[in-house]
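J.: Below: one structure in structure tokens.
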Amino acid sequence: MENTKLFKWRHFEAAIILLCVRWYLRYALSYRDLKEMMRERGLIHRPYHYFSLSSSNYAPELEKRCRPHLKAWNDSWKVDETYIKVKNVWMYLYRAMDSEGNTIEFLLSPTRDAEAAKRFFLKALHATTDSTPQAQQVASPTAPTVPTPTRRTPRVINVDKNVAYPKAIANLKAAEVLPQHVELRQVKYLNNLIEQDHRFLKRLTKPGMGFFTFETAWRTVQGFEVMNMIRKGQLQGVAKGDVKEQVTLIAKLFGVAG
């Protein structure tokens with residue numbers, strides 16, 4: 001989506017919209033909190049002032065623009081699922097990380113079975129063969145050229161005791177989508193790293209007390225996940241904890257002057 005169309009006819013300037021979207025996706029804020037913060041800064045002058053900065057409008061676009069710039073991950077995968085409430089019903093968020101804590105892929109599903117696990121693995125495997133990163137477009141002017149990383153297919157996949165995972169892996173191997181040499185380990189304690197990473201997302205979803213529709217939940221979760229990737233330093237040219245560079249990166253991705 002072109003930058004001009006993305007922000008066209010919005011009540012606020014692009015820089016203000018990106019600021020609010022970034023804050024909402026990065027910190028544990030409700031939309032009410034965000035409105036009060038904007039009123040405090042004089043950007044919203046009346047309690048009923050129109051406020052159309054819904055993160056679900058921009059989160060998928062942010063993920064799409066960040067994907068080509070992700071760093072490589074290793075071949076030791078950790079897969080687990082956590083829960084997101086949608087209209088008072090628990091949905092299942094499948095997530096995959098490597099052994100260094102880098103997020104690989106995620107998928108929100110209304111079911112927790114072999115078919116859902118298979119869909120998730122297919123999405124994750126697709127991410128390993130997706131478009132190659134283009135670090136030169138977002139790296140800072142003084143940063144050295146970053147070599148194009150190779151996103152590796154898994155050597156080992158660690159999961160919990162969920163019986164759906166072996167079925168999904170067996171189906172993928174039978175269809176020759178997943179190499180036969182890939183090892184599946186069902187050892188729960190080896191997934192401590194990804195279980196700790198779930199906390200970041202749970203903390204963000206708590207202020208909103210759930211979502212009203214599956215589509216809104218999925219679009220917002222895309223933003224939560226990609227901001228988590230940025231926070232962990234997974235994008236090329238941006239170090240972990242370097243907030244200034246993170247802000248600059250997002251502005252460049254959307255063609256907005258910093």
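Residues are referred to by chain and number: the chain letter is A, B, ... according to the order shown in the structure tokens, the number counts from 1 in that chain, and ligands are numbered separately from 1 in the order shown.
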If we count only C-alpha atoms and set the cut-off at 10 Å, which residues sit around A:Lys232, ignoring sequence neighbours fewer than 3 positions away in its own chain? Please answer as a list of chain:residue names.
T.: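 Non-adjacent residues within range: A:Gly101, A:Asn102, A:Thr103, A:Val226, A:Met227, A:Asn228, A:Met229, A:Leu235, A:Val238, A:Ala239, A:Lys240, A:Gly241, A:Asp242.
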J.: Could you name the residues that touch A:Met97 at 9 Å or less, counting only C-alpha atoms, but leaving out those on the same chain fewer than 5 positions away, as number ranges by chain?
T.: A: 73, 76-80, 102-105, 193-194
J.: Leaving out stretch 173-187 of chain A and any residue of its chain fewer than 6 positions from it, which residues lie within 7 Å of it when counting only C-alpha atoms, given as a PyMOL selection string?
T.: chain A and resi 154-161
J.: Pick from A:His69, A:Arg203, A:Arg32, A:Arg41: nearest to A:Ile250, with only C-alpha atoms counted?
T.: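 Counting only C-alpha atoms, the residue closest to A:Ile250 is A:His69.
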J.: Nearest to A:Lys64: which of A:Ala28, A:Ala127, A:Met37, A:Leu43 is it, counting only C-alpha atoms?
T.: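 With only C-alpha atoms as the atom set, the closest residue is A:Ala127.
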